[in-house]
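Colleague: Contents of target04.txt (compact mmCIF, C-alpha atoms) are given next:
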```
# COMPACT_ATOMS: atom_id res chain seq x y z
CA MET A 1 135.73 123.81 121.18
CA SER A 2 135.74 120.08 120.45
CA ASP A 3 132.80 118.41 118.78
CA SER A 4 130.30 116.53 120.91
CA PRO A 5 130.24 112.73 120.57
CA LEU A 6 126.99 113.00 118.59
CA THR A 7 128.43 115.57 116.19
CA THR A 8 131.58 113.49 115.70
CA ALA A 9 129.57 110.33 115.05
CA HIS A 10 127.39 112.13 112.51
CA ARG A 11 130.45 113.48 110.70
CA LEU A 12 132.04 110.05 110.53
CA LEU A 13 128.80 108.52 109.24
CA VAL A 14 128.54 111.11 106.45
CA GLU A 15 132.20 110.59 105.54
CA ALA A 16 131.71 106.83 105.41
CA ILE A 17 128.67 107.13 103.14
CA ASP A 18 130.54 109.55 100.87
CA ALA A 19 133.47 107.14 100.70
CA LEU A 20 131.17 104.24 99.90
CA SER A 21 129.46 106.28 97.18
CA ALA A 22 132.83 107.21 95.64
CA ALA A 23 133.99 103.57 95.74
CA THR A 24 131.07 102.48 93.54
CA ASP A 25 132.31 104.43 90.54
CA ALA A 26 134.77 101.73 89.50
CA ALA A 27 133.12 98.76 91.24
CA THR A 28 132.53 95.42 89.56
CA ASP A 29 129.05 93.89 89.24
CA ASP A 30 129.65 91.63 92.25
CA GLU A 31 130.85 94.57 94.30
CA LEU A 32 127.78 96.60 93.35
CA LEU A 33 125.55 93.74 94.44
CA SER A 34 127.34 93.71 97.78
CA VAL A 35 126.72 97.45 98.04
CA LEU A 36 122.98 96.81 97.89
CA THR A 37 123.08 94.28 100.75
CA LEU A 38 125.37 96.58 102.72
CA CYS A 39 123.02 99.55 102.27
CA GLU A 40 120.02 97.46 103.31
CA GLY A 41 121.78 96.24 106.43
CA THR A 42 122.91 99.74 107.31
CA SER A 43 119.41 101.11 106.68
CA ARG A 44 117.96 98.55 109.08
CA ARG A 45 120.44 99.49 111.78
CA LEU A 46 119.58 103.15 111.27
CA ASP A 47 115.90 102.25 111.55
CA ARG A 48 116.71 100.57 114.87
CA LEU A 49 118.42 103.76 116.06
CA THR A 50 115.44 105.83 114.91
CA VAL A 51 112.99 103.60 116.76
CA ALA A 52 115.11 103.65 119.93
CA THR A 53 115.27 107.44 119.77
CA VAL A 54 111.50 107.70 119.34
CA ALA A 55 111.05 105.44 122.39
CA THR A 56 113.35 107.64 124.47
CA LEU A 57 111.60 110.85 123.40
CA GLU A 58 108.20 109.33 124.23
CA ARG A 59 109.45 108.19 127.62
CA ARG A 60 110.72 111.70 128.38
CA GLY A 61 107.49 113.32 127.18
CA THR A 62 109.42 115.60 124.83
CA PHE A 63 106.71 115.96 122.20
CA ALA A 64 103.98 116.60 124.78
CA GLU A 65 106.10 119.36 126.33
CA ARG A 66 106.25 121.02 122.91
CA GLY A 67 102.51 121.09 122.40
CA TYR A 68 101.82 117.78 120.63
CA THR A 69 99.23 115.27 121.81
CA SER A 70 100.25 112.79 119.11
CA THR A 71 103.78 111.47 118.56
CA PRO A 72 103.07 110.54 114.89
CA ALA A 73 101.92 114.12 114.24
CA ALA A 74 105.13 115.49 115.76
CA LEU A 75 107.29 113.09 113.73
CA GLY A 76 105.41 114.01 110.56
CA ASP A 77 106.10 117.72 111.09
CA LEU A 78 109.73 117.16 112.09
CA LEU A 79 110.74 114.66 109.40
CA GLY A 80 108.17 115.11 106.63
CA TRP A 81 106.83 111.58 107.09
CA GLU A 82 103.37 110.45 106.15
CA ARG A 83 101.33 109.56 109.22
CA PHE A 84 101.47 105.83 108.47
CA GLU A 85 105.28 105.99 108.37
CA ALA A 86 105.36 107.77 111.71
CA ARG A 87 102.90 105.32 113.28
CA GLN A 88 105.03 102.42 112.04
CA ARG A 89 108.00 103.74 114.02
CA VAL A 90 105.89 104.43 117.10
CA VAL A 91 104.46 100.90 117.05
CA ALA A 92 107.95 99.46 116.66
CA ALA A 93 109.16 101.57 119.60
CA GLU A 94 106.37 100.18 121.76
CA GLN A 95 107.12 96.59 120.77
CA VAL A 96 110.91 96.18 120.48
CA CYS A 97 112.30 98.75 122.93
CA PRO A 98 112.61 98.32 126.70
CA GLN A 99 109.87 100.08 128.64
CA VAL A 100 109.61 101.68 132.08
CA GLY A 101 106.78 100.76 134.44
CA LEU A 102 104.68 103.26 136.36
CA ASP A 103 106.89 102.67 139.39
CA GLY A 104 110.08 103.29 137.41
CA THR A 105 110.94 99.62 137.03
CA ALA A 106 112.74 98.71 133.81
CA LEU A 107 110.69 96.29 131.71
CA PRO A 108 111.93 94.15 128.82
CA ALA A 109 110.71 94.68 125.28
CA ARG A 110 107.30 93.15 124.62
CA LEU A 111 108.66 91.34 121.55
CA ALA A 112 111.98 90.25 123.03
CA ALA A 113 113.09 87.84 120.28
CA THR A 114 112.05 90.27 117.56
CA ALA A 115 113.98 93.03 119.31
CA GLU A 116 117.18 90.94 119.08
CA VAL A 117 116.98 90.27 115.34
CA PHE A 118 115.87 93.85 114.67
CA ALA A 119 118.83 95.24 116.64
CA ALA A 120 121.18 92.96 114.70
CA GLY A 121 119.86 94.28 111.37
CA ALA A 122 118.51 90.88 110.38
CA THR A 123 114.98 92.17 109.83
CA GLY A 124 113.22 95.38 108.91
CA LEU A 125 110.48 97.66 110.19
CA ARG A 126 107.77 96.01 108.12
CA HIS A 127 108.65 92.62 109.61
CA VAL A 128 108.31 94.09 113.10
CA ALA A 129 104.91 95.53 112.19
CA VAL A 130 103.76 92.14 110.86
CA ILE A 131 104.87 90.27 113.98
CA ALA A 132 103.15 92.82 116.22
CA ARG A 133 99.96 92.55 114.18
CA VAL A 134 99.93 88.72 114.15
CA LEU A 135 100.53 88.48 117.90
CA ALA A 136 97.78 91.01 118.63
CA SER A 137 95.14 88.93 116.82
CA PRO A 138 92.28 87.35 118.83
CA ALA A 139 93.73 83.88 118.22
CA ALA A 140 97.14 84.93 119.59
CA GLU A 141 95.58 86.54 122.64
CA ARG A 142 94.00 83.19 123.56
CA LEU A 143 97.43 81.51 123.76
CA SER A 144 99.11 80.93 127.10
CA PRO A 145 102.08 83.24 127.84
CA GLN A 146 104.55 80.41 127.25
CA VAL A 147 103.03 79.41 123.89
CA TRP A 148 102.73 83.08 122.88
CA ALA A 149 106.42 83.64 123.62
CA GLY A 150 107.35 80.53 121.64
CA ALA A 151 105.32 81.75 118.67
CA GLU A 152 107.05 85.14 118.85
CA ALA A 153 110.46 83.45 118.81
CA GLN A 154 109.51 81.43 115.73
CA LEU A 155 108.21 84.52 113.95
CA ALA A 156 111.41 86.40 114.75
CA ASP A 157 113.46 83.53 113.37
CA LYS A 158 111.46 83.41 110.13
CA ALA A 159 111.60 87.21 109.70
CA ALA A 160 115.16 86.89 108.45
CA VAL A 161 114.15 84.66 105.52
CA TYR A 162 110.52 85.59 104.71
CA THR A 163 109.20 88.72 103.07
CA PRO A 164 106.67 90.67 105.18
CA SER A 165 103.70 89.24 103.24
CA GLU A 166 105.06 85.70 103.50
CA LEU A 167 105.65 86.22 107.23
CA GLN A 168 102.09 87.49 107.63
CA ALA A 169 100.62 84.37 105.99
CA TRP A 170 102.96 81.95 107.80
CA GLY A 171 102.48 83.64 111.17
CA THR A 172 98.69 83.65 110.85
CA ALA A 173 98.71 79.93 110.07
CA LEU A 174 101.04 79.27 113.01
CA VAL A 175 98.90 81.12 115.51
CA GLU A 176 95.70 79.48 114.29
CA ALA A 177 97.35 76.05 114.59
CA LEU A 178 98.49 76.81 118.14
CA ASP A 179 95.03 78.05 119.08
CA GLU A 180 93.64 74.53 119.35
CA ASP A 181 90.40 75.36 121.09
CA GLY A 182 89.55 78.40 119.00
CA PRO A 183 87.14 81.04 120.21
CA GLU A 184 84.51 80.12 122.77
CA PRO A 185 81.16 79.25 121.23
CA ASP A 186 78.93 82.28 121.00
CA ASP A 187 75.28 81.74 120.19
CA ARG A 188 74.58 85.46 120.05
CA PRO A 189 74.03 86.89 116.57
CA PRO A 190 76.92 88.95 115.26
CA ALA A 191 76.78 92.64 116.02
CA PRO A 192 75.33 94.56 113.07
CA VAL A 193 77.74 96.62 111.00
CA ASN A 194 76.54 99.97 109.71
CA GLU A 195 79.20 102.04 108.02
CA LEU A 196 79.68 104.46 105.15
CA HIS A 197 83.03 105.52 103.69
CA LEU A 198 83.37 108.74 101.68
CA VAL A 199 86.70 109.07 99.85
CA ARG A 200 87.59 112.06 97.71
CA HIS A 201 89.58 111.38 94.55
CA ARG A 202 93.08 112.80 94.75
CA GLY A 203 93.96 115.25 92.02
CA LYS A 204 90.67 114.98 90.17
CA ALA A 205 86.98 115.65 90.57
CA GLY A 206 84.51 113.59 92.52
CA GLY A 207 84.93 110.73 94.92
CA ALA A 208 83.68 107.30 95.92
CA LEU A 209 81.14 106.04 98.45
CA LYS A 210 81.23 102.57 99.94
CA GLY A 211 78.77 101.42 102.57
CA ARG A 212 77.33 98.50 104.43
CA PHE A 213 74.12 98.43 106.47
CA ASP A 214 73.27 95.32 108.44
CA ASP A 215 70.46 97.15 110.18
CA ALA A 216 67.46 96.29 108.01
CA ALA A 217 65.51 99.38 109.04
CA MET A 218 68.35 101.74 108.18
CA PHE A 219 68.97 100.10 104.82
CA ASP A 220 65.28 100.05 104.01
CA ALA A 221 64.96 103.78 104.75
CA ILE A 222 67.86 104.57 102.42
CA ALA A 223 66.72 102.16 99.72
CA THR A 224 63.15 103.48 99.80
CA VAL A 225 64.21 107.10 99.30
CA VAL A 226 66.76 106.28 96.58
CA ASP A 227 64.33 103.99 94.78
CA ALA A 228 61.63 106.65 94.78
CA HIS A 229 63.98 109.11 93.05
CA ALA A 230 65.68 106.59 90.76
CA ARG A 231 62.72 105.52 88.67
CA PRO A 232 63.24 105.82 84.91
CA ALA A 233 62.16 109.24 83.71
CA THR A 234 60.79 107.89 80.41
CA GLY A 235 60.15 104.59 78.73
CA ASP A 236 63.39 104.79 76.77
CA GLU A 237 65.59 105.79 79.72
CA GLN A 238 69.25 105.49 78.72
CA ARG A 239 70.79 105.73 82.19
CA SER A 240 71.78 102.51 83.93
CA THR A 241 70.31 101.58 87.30
CA ALA A 242 73.57 102.52 89.02
CA GLN A 243 73.60 105.94 87.37
CA ARG A 244 69.99 106.62 88.31
CA GLN A 245 70.60 105.59 91.91
CA ALA A 246 73.72 107.76 92.18
CA GLU A 247 71.86 110.81 90.89
CA ALA A 248 68.91 110.01 93.16
CA LEU A 249 71.14 110.02 96.25
CA ALA A 250 72.62 113.37 95.22
CA ASP A 251 69.13 114.78 94.66
CA VAL A 252 67.98 113.68 98.11
CA CYS A 253 71.05 115.15 99.80
CA GLY A 254 70.59 118.43 97.93
CA TYR A 255 66.98 118.61 99.07
CA VAL A 256 67.96 118.00 102.69
CA LEU A 257 70.60 120.75 102.53
CA ASP A 258 67.94 123.19 101.37
CA HIS A 259 65.02 122.11 103.53
CA GLY A 260 66.23 119.74 106.24
CA ASP A 261 67.36 120.32 109.82
CA VAL A 262 71.09 119.87 109.13
CA PRO A 263 73.52 120.17 112.07
CA GLU A 264 76.06 122.96 112.03
CA CYS A 265 79.32 122.01 110.31
CA GLY A 266 82.46 123.73 111.57
CA GLY A 267 80.45 126.63 112.96
CA ARG A 268 77.93 127.06 110.13
CA ARG A 269 75.22 125.22 108.32
CA PRO A 270 76.59 123.36 105.29
CA HIS A 271 75.90 125.03 101.97
CA LEU A 272 77.31 124.44 98.53
CA ASN A 273 80.15 126.81 97.68
CA VAL A 274 81.11 127.20 94.03
CA LEU A 275 84.59 128.68 93.53
CA VAL A 276 84.98 130.59 90.28
CA ARG A 277 88.27 132.10 89.11
CA LEU A 278 88.09 135.70 87.91
CA GLU A 279 89.41 134.79 84.45
CA ASP A 280 86.76 132.07 84.15
CA LEU A 281 84.08 134.55 85.17
CA GLU A 282 85.34 136.98 82.53
CA ASN A 283 85.24 134.14 79.99
CA ARG A 284 81.62 133.37 80.80
CA ALA A 285 82.37 130.87 83.57
CA ARG A 286 83.81 127.89 81.74
CA ALA A 287 84.83 126.11 84.95
CA ALA A 288 84.52 126.19 88.74
CA CYS A 289 85.38 124.12 91.82
CA LEU A 290 83.41 122.74 94.75
CA ASP A 291 84.55 122.45 98.37
CA PHE A 292 84.73 118.64 98.25
CA GLY A 293 84.08 117.39 94.77
CA GLY A 294 86.72 119.02 92.57
CA THR A 295 86.23 120.74 89.22
CA LEU A 296 82.78 121.27 87.72
CA SER A 297 81.96 120.83 84.07
CA PRO A 298 80.41 123.85 82.31
CA GLU A 299 77.08 122.03 82.08
CA SER A 300 77.03 121.25 85.81
CA LEU A 301 78.02 124.83 86.63
CA ARG A 302 75.19 126.26 84.56
CA MET A 303 72.73 123.91 86.25
CA LEU A 304 73.94 124.84 89.74
CA ALA A 305 73.77 128.53 88.87
CA CYS A 306 69.98 128.23 88.74
CA ASP A 307 69.91 127.32 92.48
CA ALA A 308 69.61 130.29 94.83
CA ARG A 309 71.33 128.31 97.58
CA VAL A 310 74.60 128.17 95.66
CA VAL A 311 77.11 130.72 96.97
CA PRO A 312 79.57 132.03 94.35
CA VAL A 313 83.08 132.86 95.55
CA VAL A 314 85.17 134.74 92.98
CA LEU A 315 88.99 134.27 93.17
CA ASN A 316 91.77 136.21 91.48
CA GLY A 317 94.82 134.57 89.89
CA LYS A 318 96.57 134.13 93.24
CA GLY A 319 93.63 132.33 94.82
CA GLN A 320 92.59 135.37 96.86
CA PRO A 321 88.82 135.91 97.23
CA LEU A 322 87.58 139.06 95.50
CA ASP A 323 83.87 138.73 96.18
CA VAL A 324 81.76 136.42 98.34
CA GLY A 325 78.05 135.89 97.87
CA ARG A 326 76.04 135.33 101.05
CA VAL A 327 72.81 133.51 101.78
CA THR A 328 72.29 135.71 104.83
CA ARG A 329 73.54 139.16 105.79
CA THR A 330 75.61 137.89 108.71
CA ILE A 331 79.26 138.85 108.09
CA PRO A 332 80.84 135.84 109.90
CA ASP A 333 79.19 133.44 107.47
CA GLY A 334 80.48 135.29 104.42
CA LEU A 335 83.92 135.71 105.95
CA ARG A 336 84.15 132.01 106.69
CA ARG A 337 83.25 131.27 103.08
CA ALA A 338 86.02 133.56 101.91
CA ILE A 339 88.55 131.89 104.20
CA ALA A 340 87.43 128.42 103.10
CA ALA A 341 87.70 129.45 99.44
CA ARG A 342 91.23 130.73 99.99
CA ASP A 343 92.61 128.01 102.31
CA ARG A 344 90.66 125.00 100.94
CA GLY A 345 90.56 123.49 104.42
CA CYS A 346 93.18 123.39 107.16
CA ALA A 347 96.17 125.50 106.18
CA GLY A 348 98.39 123.10 108.07
CA CYS A 349 97.36 119.55 107.22
CA GLY A 350 94.64 119.92 104.56
CA ARG A 351 91.65 118.54 106.47
CA PRO A 352 88.38 119.66 104.81
CA PRO A 353 86.69 122.95 105.77
CA SER A 354 83.91 121.20 107.67
CA TRP A 355 86.51 119.91 110.16
CA CYS A 356 88.10 123.32 110.69
CA GLU A 357 87.85 126.37 112.90
CA VAL A 358 88.80 129.96 112.07
CA HIS A 359 91.87 131.21 113.94
CA HIS A 360 92.75 134.87 114.52
CA ILE A 361 96.42 135.34 113.61
CA LYS A 362 96.56 138.37 115.88
CA ALA A 363 94.29 137.55 118.81
CA TRP A 364 90.99 139.39 118.87
CA GLN A 365 91.51 140.44 122.48
CA ASP A 366 94.84 141.97 121.40
CA GLY A 367 93.18 144.15 118.79
CA GLY A 368 93.24 141.68 115.92
CA ASP A 369 90.61 142.27 113.24
CA THR A 370 87.95 139.73 112.37
CA ALA A 371 88.92 140.11 108.73
CA LEU A 372 90.26 138.00 105.90
CA HIS A 373 93.84 139.23 106.31
CA ASN A 374 93.87 138.21 109.99
CA CYS A 375 92.09 134.85 109.82
CA VAL A 376 93.15 131.37 108.78
CA MET A 377 91.38 128.02 108.68
CA LEU A 378 92.85 125.33 110.96
CA CYS A 379 91.68 121.93 112.16
CA ARG A 380 91.46 121.34 115.91
CA ALA A 381 94.92 119.72 116.12
CA CYS A 382 96.71 122.44 114.13
CA HIS A 383 94.74 125.13 115.97
CA ARG A 384 95.94 123.74 119.28
CA LEU A 385 99.56 123.93 118.11
CA GLN A 386 99.12 127.64 117.40
CA HIS A 387 98.17 128.24 121.03
CA HIS A 388 100.33 125.65 122.81
CA SER A 389 103.57 125.42 120.82
CA GLU A 390 106.08 127.54 118.93
CA TRP A 391 104.37 127.14 115.56
CA GLU A 392 103.36 130.44 113.97
CA VAL A 393 101.04 131.32 111.11
CA ARG A 394 100.97 134.36 108.86
CA ILE A 395 99.44 135.60 105.62
CA ARG A 396 101.94 136.28 102.83
CA ASP A 397 100.96 137.30 99.31
CA GLY A 398 97.36 136.80 100.33
CA LEU A 399 97.81 133.12 101.29
CA PRO A 400 98.49 131.47 104.66
CA GLU A 401 101.76 129.80 105.55
CA LEU A 402 102.98 128.17 108.74
CA ILE A 403 106.38 128.73 110.32
CA PRO A 404 107.72 125.70 112.22
CA PRO A 405 109.60 125.89 115.53
CA ALA A 406 113.38 125.98 115.42
CA TRP A 407 113.60 122.44 116.82
CA ILE A 408 111.81 121.20 113.69
CA ASP A 409 113.60 123.47 111.20
CA PRO A 410 116.50 125.60 112.52
CA LEU A 411 116.01 128.01 109.59
CA ARG A 412 112.27 128.26 110.33
CA ARG A 413 111.44 128.15 106.63
CA PRO A 414 107.72 128.86 106.01
CA ARG A 415 105.56 125.94 104.87
CA ARG A 416 102.56 126.30 102.62
CA LYS A 417 100.04 123.57 101.87
CA PRO A 418 99.96 122.63 98.16
CA LEU A 419 97.00 124.35 96.49
CA LEU A 420 96.28 122.15 93.51
CA HIS A 421 93.91 124.62 91.88
CA LEU A 422 96.85 127.06 91.60
CA ALA A 423 99.35 124.50 90.28
CA ALA A 424 98.95 125.67 86.69
```
Show me the file's structure as structure tokens.
Modeller:
Amino acid sequence: MSDSPLTTAHRLLVEAIDALSAATDAATDDELLSVLTLCEGTSRRLDRLTVATVATLERRGTFAERGYTSTPAALGDLLGWERFEARQRVVAAEQVCPQVGLDGTALPARLAATAEVFAAGATGLRHVAVIARVLASPAAERLSPQVWAGAEAQLADKAAVYTPSELQAWGTALVEALDEDGPEPDDRPPAPVNELHLVRHRGKAGGALKGRFDDAAMFDAIATVVDAHARPATGDEQRSTAQRQAEALADVCGYVLDHGDVPECGGRRPHLNVLVRLEDLENRARAACLDFGGTLSPESLRMLACDARVVPVVLNGKGQPLDVGRVTRTIPDGLRRAIAARDRGCAGCGRPPSWCEVHHIKAWQDGGDTALHNCVMLCRACHRLQHHSEWEVRIRDGLPELIPPAWIDPLRRPRRKPLLHLAA
């Protein structure tokens, strides 16, 4: 049976790349420099093909038919991309590929001039993202359609000679210059901004908090509580103001967890879980881990051990829970703690335990046990895939792993989330 056109094209592409790679062995410096420009141009054309393919799959609804509500999520699972890489392709597909109207009418690409230079390999994905971002700014949206189209043509022309950051600065200046009238006068006070960002440190303990509160009452309530707990303990206090305020905030939050009316979090009230490895327990508990904050120092562990609200979860060398302490006698609460200690959040994407639900691998109505060996922690998106797609999950060697559909991996090789606490 003869190869399909797609198979033949792929074979020729691989052969051409192999030939190019072999030709570099005895190439001169000038020839090697030309190889770099050739590879970049080819990479851009391949990016154009990727984007066009994504646009076609979205138009056909292929990912939705296979259980995905998000195209970036599907691309991440299929190709191993980070979400921002997948979103970059999806945005490009929306901007530089022809579209189809609700009535089936073919529509030109939104960024027509950019689509031409992108198709020719004269510009890259990051340039497309910059142009889309500049022309979606409030100043650009105030331009007339004719002026907007002219600005897009100029940006597309400059994309071939400017780096993405240079194009961003030049394009912003261009749009602001074209927006002669600027925004309409608005005598209303700006809307207050109240936000708090919590970011866990990757690969190490702790995290960072960054917040802004324009609402005076909200800020005053926070400042009053923190100030009351951050006063110097003695006259020769050695802690800085920032250190005292940080510890004060932690004290207040700890008090609320113990005594406050805290909403349920992922099906249970939030408590502080301390994960202790069996060998550490046998060695008088030299270390332990928290759900969110990473590794505890021995001093911090000893201090937390005095608190009856702390729930110890003992793990063996493979990360499998051996014993789970419980605040109450209800089995679901203790079981959830064991699953959270084992899975450290979503077994698929790594979202924290508070965002997750517990999934029965063998459905309860089909006789599946509500037990550790039949349960896995999944976020809402990954949980949906288990019920509405060909993804499967199983427990192997005491730890969960997900098996992708054949259209993602023909060999259906199991995938397991990296468990950093077992890396050693």
Colleague: Using all atoms listed in the file, which residues sit within 8 Å of Leu125 (chain A) once same-chain residues fewer than 6 positions away are excluded, as a PyMOL selection string?
Modeller: chain A and resi 44+47+88-89+92+118
Colleague: Could you turn the residues from that selection into a file that holds C-alpha atoms, as a PDB file, in the coordinates of the input?
Modeller:
```pdb
ATOM      1  CA  ARG A  44     117.960  98.550 109.080  1.00  0.00           C
ATOM      2  CA  ASP A  47     115.900 102.250 111.550  1.00  0.00           C
ATOM      3  CA  GLN A  88     105.030 102.420 112.040  1.00  0.00           C
ATOM      4  CA  ARG A  89     108.000 103.740 114.020  1.00  0.00           C
ATOM      5  CA  ALA A  92     107.950  99.460 116.660  1.00  0.00           C
ATOM      6  CA  PHE A 118     115.870  93.850 114.670  1.00  0.00           C
TER       7      PHE A 118
END
```
Colleague: Residues at most 10 Å from Ala109 (chain A), counting all atoms listed in the file, excluding those fewer than 3 positions away in the same chain, as a list in words?
Modeller: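 These residues fall inside the cut-off: Ala93, Glu94, Gln95, Val96, Cys97, Pro98, Gln99, Val100, Ala106, Ala112, Ala113, Thr114, Ala115 and Glu116 of chain A.
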Colleague: Select, from A:Asp181, A:Glu195, A:Asp409, A:Asp103, the residue with the minimum atom-to-atom distance to Asp215 (chain A), counting all atoms listed in the file.
Modeller: A:Glu195
Colleague: When distances are computed from all atoms listed in the file, which of A:Cys349, A:Cys375, A:Val175, A:Val134 shows the smallest separation from Gly80 (chain A)?
Modeller: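 The closest residue to Gly80 (chain A) is A:Cys349.
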Colleague: Nearest to Pro418 (chain A) among A:Leu79, A:Leu372, A:Leu335, A:Cys346, with distances taken over only C-alpha atoms: which residue is it?
Modeller: A:Cys346
Colleague: So how many Å separate CA of Gly101 (chain A) and CA of Arg59 (chain A), to one decimal?
Modeller: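 Computing it gives 10.4 Å between the two atoms.
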Colleague: With only C-alpha atoms as the basis for distance, which of A:Gly348, A:Pro164, A:Pro405, A:Pro138 is at the shortest distance from Asp179 (chain A)?
Modeller: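 Between A:Gly348, A:Pro164, A:Pro405, A:Pro138, the residue approaching Asp179 (chain A) most closely is A:Pro138.
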Colleague: Just the number, please: distance in Å from CA of Val193 (chain A) to CA of Arg212 (chain A), one decimal.
Modeller: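 Distance reported for this atom pair: 6.8 Å.
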Colleague: Within 10 Å of (65.5, 106.2, 89.4) in the file's own coordinates, which protein, DNA or RNA residues have an atom, counting all atoms listed in the file? List them as a PyMOL selection string.
Modeller: chain A and resi 226-233+237+239-249
Colleague: Taking 6 positions as the minimum chain separation for residues in the same chain, which residues sit within 12 Å of His387 (chain A) when counting only C-alpha atoms? Answer as a PyMOL selection string.
Modeller: chain A and resi 66-68+359-363+378+380-381+393
